[in-house]
Structures are given as C-alpha cells and as structure tokens.
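A.B. asks: So here's entry-v2.txt (compact mmCIF, C-alpha atoms).
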# COMPACT_ATOMS: atom_id res chain seq x y z
CA MET A 6 2.82 8.30 22.63
CA LYS A 7 4.26 5.59 20.41
CA ILE A 8 3.77 4.66 16.80
CA LEU A 9 2.69 1.29 15.47
CA GLY A 10 4.30 1.54 12.05
CA ARG A 11 6.45 3.39 9.54
CA HIS A 12 5.17 3.91 6.01
CA ILE A 13 7.55 5.00 3.28
CA LEU A 14 6.27 6.35 -0.02
CA ALA A 15 9.04 6.18 -2.60
CA GLU A 16 9.12 7.79 -6.03
CA ILE A 17 11.64 5.81 -8.05
CA HIS A 18 12.63 7.36 -11.39
CA GLY A 19 15.02 6.52 -14.21
CA CYS A 20 14.48 2.76 -13.90
CA ASP A 21 15.26 0.08 -16.46
CA PHE A 22 12.29 -0.38 -18.86
CA GLN A 23 12.80 -4.12 -19.28
CA ILE A 24 12.79 -4.76 -15.55
CA LEU A 25 9.72 -2.62 -14.79
CA ASN A 26 7.76 -4.31 -17.58
CA ASN A 27 8.60 -7.87 -16.53
CA VAL A 28 6.07 -9.02 -13.94
CA ARG A 29 8.11 -12.05 -12.83
CA LYS A 30 11.25 -9.94 -12.45
CA VAL A 31 9.43 -7.21 -10.48
CA GLU A 32 7.88 -9.87 -8.24
CA GLU A 33 11.25 -11.52 -7.62
CA ILE A 34 12.89 -8.18 -6.75
CA MET A 35 10.04 -7.17 -4.44
CA VAL A 36 10.08 -10.49 -2.56
CA ASN A 37 13.84 -10.32 -2.24
CA ALA A 38 13.61 -6.72 -0.99
CA ALA A 39 11.33 -7.97 1.79
CA LEU A 40 13.58 -10.90 2.66
CA ASP A 41 16.73 -8.78 2.46
CA ALA A 42 15.20 -6.36 4.98
CA GLY A 43 14.50 -9.27 7.33
CA ALA A 44 10.73 -9.45 6.80
CA GLU A 45 8.61 -12.60 6.85
CA VAL A 46 6.70 -13.01 3.56
CA ARG A 47 3.05 -14.10 3.95
CA GLU A 48 1.29 -13.50 0.62
CA VAL A 49 2.46 -12.42 -2.83
CA VAL A 50 0.26 -11.14 -5.63
CA PHE A 51 1.33 -9.52 -8.89
CA HIS A 52 -0.55 -8.44 -11.99
CA LYS A 53 0.67 -7.48 -15.49
CA PHE A 54 -1.21 -4.82 -17.38
CA SER A 55 -1.59 -4.46 -21.12
CA PRO A 56 0.19 -3.00 -22.98
CA GLN A 57 2.63 -2.38 -20.14
CA GLY A 58 2.97 -1.91 -16.40
CA VAL A 59 2.93 -4.09 -13.32
CA SER A 60 1.10 -3.85 -10.00
CA GLY A 61 1.87 -6.05 -7.06
CA VAL A 62 1.97 -6.48 -3.33
CA VAL A 63 4.01 -8.52 -0.89
CA VAL A 64 2.13 -8.95 2.38
CA ILE A 65 4.61 -9.47 5.20
CA SER A 66 4.11 -10.24 8.87
CA GLU A 67 5.28 -6.69 9.48
CA SER A 68 2.72 -5.13 6.98
CA HIS A 69 3.39 -4.78 3.22
CA LEU A 70 5.39 -3.67 0.19
CA ALA A 71 3.42 -2.44 -2.84
CA ILE A 72 4.48 -1.32 -6.31
CA HIS A 73 2.96 0.11 -9.47
CA THR A 74 5.21 0.58 -12.50
CA TRP A 75 5.07 2.79 -15.59
CA PRO A 76 7.90 1.20 -17.62
CA GLU A 77 7.45 3.71 -20.46
CA LEU A 78 8.28 6.50 -17.98
CA GLY A 79 10.97 4.57 -16.14
CA TYR A 80 8.89 5.20 -13.03
CA ALA A 81 7.86 3.01 -10.09
CA ALA A 82 5.56 4.12 -7.27
CA VAL A 83 6.55 2.08 -4.22
CA ASP A 84 5.30 2.00 -0.67
CA VAL A 85 6.78 0.02 2.19
CA PHE A 86 4.89 -0.23 5.47
CA THR A 87 6.54 -1.95 8.44
CA CYS A 88 5.52 -2.46 12.05
CA GLY A 89 7.80 -3.21 14.94
CA ASP A 90 11.53 -2.70 15.22
CA LYS A 91 12.76 -5.79 13.39
CA VAL A 92 12.51 -4.50 9.82
CA ASN A 93 13.81 -1.18 8.53
CA PRO A 94 11.62 -0.10 5.58
CA TRP A 95 14.46 2.02 4.17
CA ASP A 96 16.48 -1.15 3.57
CA ALA A 97 13.76 -2.41 1.23
CA CYS A 98 13.50 0.96 -0.57
CA ASN A 99 17.23 1.15 -1.13
CA TYR A 100 17.32 -2.45 -2.35
CA LEU A 101 14.57 -1.77 -4.89
CA THR A 102 16.22 1.42 -6.14
CA GLU A 103 19.44 -0.44 -6.80
CA ARG A 104 17.83 -3.48 -8.46
CA PHE A 105 15.65 -1.34 -10.74
CA GLY A 106 18.77 0.44 -11.99
CA ALA A 107 17.15 3.72 -10.93
CA LYS A 108 18.73 7.14 -11.34
CA HIS A 109 16.72 8.86 -8.59
CA MET A 110 14.70 7.94 -5.53
CA ASN A 111 12.74 10.44 -3.47
CA ALA A 112 10.92 9.12 -0.45
CA SER A 113 9.01 10.27 2.61
CA GLU A 114 8.37 8.41 5.84
CA ILE A 115 4.98 8.76 7.47
CA LYS A 116 4.37 7.57 11.03
CA ARG A 117 1.29 5.33 11.25
CA GLY A 118 -0.90 4.48 14.23
CA MET A 119 0.07 6.98 16.86
CA VAL A 120 -1.32 5.59 20.11
CA GLN A 121 -0.81 6.22 23.79
CA ASP A 122 1.46 3.73 25.49
CA THR A 123 -1.18 3.12 28.15
CA MET A 124 -3.76 2.44 25.45
CA GLU A 125 -1.67 -0.37 24.05
CA LYS A 126 -1.02 -1.83 27.48
CA GLU A 127 -4.74 -1.86 28.24
CA ALA A 128 -5.41 -3.53 24.93
CA VAL A 129 -2.93 -6.29 25.66
CA ASN A 130 -4.80 -7.00 28.88
CA LEU A 131 -8.17 -7.41 27.15
CA MET B 20 3.36 18.91 -14.80
CA LYS B 21 0.72 16.32 -14.12
CA ILE B 22 0.36 13.56 -11.56
CA LEU B 23 -0.14 9.89 -12.25
CA GLY B 24 -1.89 8.97 -9.03
CA ARG B 25 -3.40 9.98 -5.69
CA HIS B 26 -2.43 8.10 -2.55
CA ILE B 27 -4.48 8.49 0.60
CA LEU B 28 -3.14 7.35 3.97
CA ALA B 29 -6.03 7.01 6.40
CA GLU B 30 -5.85 6.55 10.15
CA ILE B 31 -9.17 5.03 11.17
CA HIS B 32 -9.82 4.93 14.91
CA GLY B 33 -12.65 3.80 17.16
CA CYS B 34 -13.63 0.88 14.93
CA ASP B 35 -15.71 -2.15 15.85
CA PHE B 36 -13.48 -4.91 17.34
CA GLN B 37 -15.50 -7.77 15.86
CA ILE B 38 -15.30 -6.38 12.34
CA LEU B 39 -11.57 -5.59 12.43
CA ASN B 40 -10.80 -9.06 13.74
CA ASN B 41 -12.87 -10.92 11.13
CA VAL B 42 -10.72 -11.51 8.05
CA ARG B 43 -13.65 -12.44 5.80
CA LYS B 44 -15.62 -9.38 6.91
CA VAL B 45 -12.66 -7.02 6.40
CA GLU B 46 -12.05 -8.55 2.96
CA GLU B 47 -15.70 -8.14 1.99
CA ILE B 48 -15.77 -4.50 3.11
CA MET B 49 -12.49 -3.71 1.32
CA VAL B 50 -13.64 -5.28 -1.96
CA ASN B 51 -16.96 -3.46 -1.72
CA ALA B 52 -15.17 -0.18 -0.99
CA ALA B 53 -13.26 -0.64 -4.25
CA LEU B 54 -16.39 -1.53 -6.22
CA ASP B 55 -18.44 1.24 -4.62
CA ALA B 56 -15.79 3.77 -5.73
CA GLY B 57 -16.04 2.43 -9.29
CA ALA B 58 -12.74 0.52 -9.36
CA GLU B 59 -12.07 -2.71 -11.23
CA VAL B 60 -10.88 -5.46 -8.86
CA ARG B 61 -7.95 -7.56 -10.15
CA GLU B 62 -6.50 -9.48 -7.19
CA VAL B 63 -7.53 -9.94 -3.57
CA VAL B 64 -5.33 -11.26 -0.79
CA PHE B 65 -6.03 -11.23 2.94
CA HIS B 66 -4.24 -12.72 5.91
CA LYS B 67 -5.38 -13.27 9.51
CA PHE B 68 -2.81 -12.96 12.26
CA SER B 69 -2.75 -14.72 15.61
CA PRO B 70 -4.01 -13.83 18.16
CA GLN B 71 -5.65 -10.95 16.31
CA GLY B 72 -5.35 -8.56 13.40
CA VAL B 73 -5.83 -8.70 9.66
CA SER B 74 -3.68 -7.56 6.73
CA GLY B 75 -4.92 -7.45 3.20
CA VAL B 76 -4.76 -5.84 -0.20
CA VAL B 77 -7.15 -5.37 -3.07
CA VAL B 78 -5.23 -4.78 -6.31
CA ILE B 79 -7.39 -2.76 -8.70
CA SER B 80 -6.80 -1.70 -12.29
CA GLU B 81 -6.37 1.80 -10.87
CA SER B 82 -3.72 0.70 -8.23
CA HIS B 83 -4.61 -0.67 -4.77
CA LEU B 84 -6.33 -0.56 -1.40
CA ALA B 85 -4.39 -1.93 1.60
CA ILE B 86 -5.30 -2.42 5.25
CA HIS B 87 -3.72 -3.52 8.51
CA THR B 88 -5.92 -3.80 11.59
CA TRP B 89 -5.27 -3.71 15.32
CA PRO B 90 -8.70 -4.83 16.57
CA GLU B 91 -7.62 -4.52 20.21
CA LEU B 92 -6.97 -0.81 19.62
CA GLY B 93 -9.98 -0.28 17.36
CA TYR B 94 -7.48 0.96 14.78
CA ALA B 95 -7.09 0.34 11.06
CA ALA B 96 -4.22 1.70 8.94
CA VAL B 97 -5.58 2.06 5.43
CA ASP B 98 -4.07 3.31 2.21
CA VAL B 99 -5.88 3.83 -1.06
CA PHE B 100 -3.91 4.54 -4.24
CA THR B 101 -5.74 5.38 -7.44
CA CYS B 102 -4.60 6.42 -10.91
CA GLY B 103 -6.65 8.23 -13.49
CA ASP B 104 -9.81 10.26 -13.05
CA LYS B 105 -12.37 7.47 -12.89
CA VAL B 106 -12.03 6.55 -9.23
CA ASN B 107 -12.03 8.95 -6.29
CA PRO B 108 -9.95 7.39 -3.47
CA TRP B 109 -11.84 9.44 -0.88
CA ASP B 110 -15.02 7.54 -1.74
CA ALA B 111 -13.31 4.30 -0.69
CA CYS B 112 -11.94 5.86 2.53
CA ASN B 113 -15.31 7.22 3.53
CA TYR B 114 -16.98 3.89 2.75
CA LEU B 115 -14.49 2.02 4.97
CA THR B 116 -14.86 4.49 7.83
CA GLU B 117 -18.62 4.02 7.81
CA ARG B 118 -18.56 0.22 7.52
CA PHE B 119 -15.98 -0.17 10.30
CA GLY B 120 -18.26 1.81 12.62
CA ALA B 121 -15.34 4.20 13.19
CA LYS B 122 -15.47 7.21 15.47
CA HIS B 123 -12.61 9.13 13.76
CA MET B 124 -10.80 9.14 10.42
CA ASN B 125 -7.77 11.32 9.72
CA ALA B 126 -6.30 11.11 6.26
CA SER B 127 -3.75 12.77 4.01
CA GLU B 128 -3.58 12.73 0.24
CA ILE B 129 -0.14 12.46 -1.39
CA LYS B 130 0.35 13.11 -5.09
CA ARG B 131 2.26 10.28 -6.77
CA GLY B 132 4.25 10.27 -10.01
CA MET B 133 4.68 13.90 -10.86
CA VAL B 134 5.75 13.92 -14.51
CA GLN B 135 5.92 16.48 -17.28
CA ASP B 136 3.03 16.35 -19.72
CA THR B 137 5.48 16.17 -22.63
CA MET B 138 7.26 13.23 -20.98
CA GLU B 139 4.06 11.23 -20.93
CA LYS B 140 3.22 12.13 -24.56
CA GLU B 141 6.65 10.93 -25.69
CA ALA B 142 6.18 7.74 -23.74
CA VAL B 143 2.84 7.06 -25.42
CA ASN B 144 4.59 7.35 -28.80
CA LEU B 145 7.27 4.78 -27.92
Would you write out, as structure tokens, the structure that this file holds?

C.D. replies:
Amino acid sequence: MKILGRHILAEIHGCDFQILNNVRKVEEIMVNAALDAGAEVREVVFHKFSPQGVSGVVVISESHLAIHTWPELGYAAVDVFTCGDKVNPWDACNYLTERFGAKHMNASEIKRGMVQDTMEKEAVNL
Amino acid sequence: MKILGRHILAEIHGCDFQILNNVRKVEEIMVNAALDAGAEVREVVFHKFSPQGVSGVVVISESHLAIHTWPELGYAAVDVFTCGDKVNPWDACNYLTERFGAKHMNASEIKRGMVQDTMEKEAVNL
C-alpha cells in the first residue's frame, strides 16, 4: 500500500489580531508559506468577512492550503494537503505559525488516498 | 467548551472516470453540493491538471469544500469544512458520493476550533 497525499489540520491559537483580520496580509503569508515549502502556486482566492475574519485557499500543483480566521479569538483553522514527496506540509504549517505570531499550534496529519501499489501501476498503463 | 466548525475528510473511491476528469463537471457538482447543503457560495476556483486530474475549492460563507481527483484511480479526496449550525457537511459529502457514481465513501469528522464559551462571549464584546 502507498498513500497519495498528506493532509495536516492545524489549530493555530494566540495569533496577532491585526494580521488575521487583514485579508491581503493573510493572503501574502499563505502564498509565501506555499512557496517557502517548495510548492507551485496555481490559483489563489481570498475573501474578507464582515465585521471580521478571512477565508482563503491557495491551490498548488501538489494540492492546497486553506485558512479560516477568527481574529477576535486569535484563532486560525488551517489545513495543508500535499501530494508527492517534493513538498513537506509541516514546513508550511510552521511558517504560518511563526508569521501569525502564534502562541500555540496543534496539528494532526492524516494520510489521504491509500491505494495498492499495483493499482497505481495499472492506472498509469491505462 | 464549544466548537467553531466541523471538518469532514472524505475518501471517495470507485468514481466515474469521465466525471472526475472533467473540470467543468466537477466544479458544477461541487458548487451544487454546497448549495444543496444550504451553504452560501462566495468564491469558486478549479484547475485541470495534465494529463488528468482536477483540483478545486468552493469557498462558502460557512468555510469551504475542496477536492482533488485521480480519475485514473477512480478516487477523489474531498474535505468539507462548515461553521455554524445552518449547514450539515455530511449532506455535501453524501451528495458528492452520489453524483460521482462512487462505490465507496469513508469519511471522518474532525472538530475544529475548540474554544471556551466565555472566550467567545468576550470576543463578541470587543
């Protein structure tokens, strides 16, 4: 068996209010987290909510980074999904934690797409 | 304690190759999954990979739906994140499973943003 991807769900607490509430700043940090981890950025979409909060996604060749922020709680819900061996999703999580000025980060890694090696080989031959 | 969101990671296997490899079809099904579950769609971004595969995200007021497809394996990695009580993320997962003609769906729900009730009340008063 092999896995196709690694999906990290990160709970980032104690973040800077001003950063989490600034959609352009959050977007910049998320894109740079992807680039810093060695990912190839394909699409970027961010949205600012009223009165506060940001949601956004960076689609990368290797899958995606997504974020939802609650600035008033100093909290960001992040997930980083990567496929292949080129990009380490933990690099992006650690980058975000640092740039958000966070006090705590708790994260779990979930293996995605468990397939048989032979299954993938057959698929390639289709 | 209360939670801010529910995040479902769904492994959807045995899907229709033609659907998973058609970026416009996957986008349409993802947007309709959001709408069918009662979500408010904010941003939609999809990307087609060569030679095959689709990645895409629907940002909703209640968080997001994301997908990455491996048509050659009949596999789609889906995650649905919703906040609040209005939208049930399982409705979206079940909708996708049906529309992809899938044989199997295995999913886990992860609670996101566990905060103290008092913490949220204070934040509202900021």

A.B. asks: One decimal, in Å: what's the spacing between atom CA of Lys53 of chain A and atom CA of Ala112 of chain A?

C.D. replies: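 For atom CA of Lys53 of chain A relative to atom CA of Ala112 of chain A, the distance reads 24.6 Å.
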
A.B. asks: Could you list, as a ChimeraX atom specification, every residue within 7 Å of Lys21 of chain B, counting only C-alpha atoms and ignoring same-chain residues fewer than 5 positions away?

C.D. replies: /B:133-136

A.B. asks: Could the residues in this selection be written to a file with C-alpha atoms, as a PDB file, in the frame of the given file?

C.D. replies:
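What ended up in again-v6.pdb:
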ATOM      1  CA  MET B 133       4.680  13.900 -10.860  1.00  0.00           C
ATOM      2  CA  VAL B 134       5.750  13.920 -14.510  1.00  0.00           C
ATOM      3  CA  GLN B 135       5.920  16.480 -17.280  1.00  0.00           C
ATOM      4  CA  ASP B 136       3.030  16.350 -19.720  1.00  0.00           C
TER       5      ASP B 136
END

A.B. asks: Hey, list the chain B side of the contact with chain A: 9 Å cut-off, all atoms listed in the file, answer as a PyMOL selection string.

C.D. replies: chain B and resi 28-32+61-66+68+74-76+78-80+82-83+85-87+91-92+94-96+129+131-134+138-139+141-143+145

A.B. asks: I'd like the contact shell of Ile48 of chain B - 12 Å cut-off, only C-alpha atoms, skipping same-chain residues fewer than 5 positions apart - returned as JSON, numbers by chain.

C.D. replies: {"B": [38, 39, 41, 42, 43, 53, 54, 55, 63, 65, 75, 76, 77, 84, 85, 86, 111, 112, 113, 114, 115, 116, 117, 118, 119, 120]}
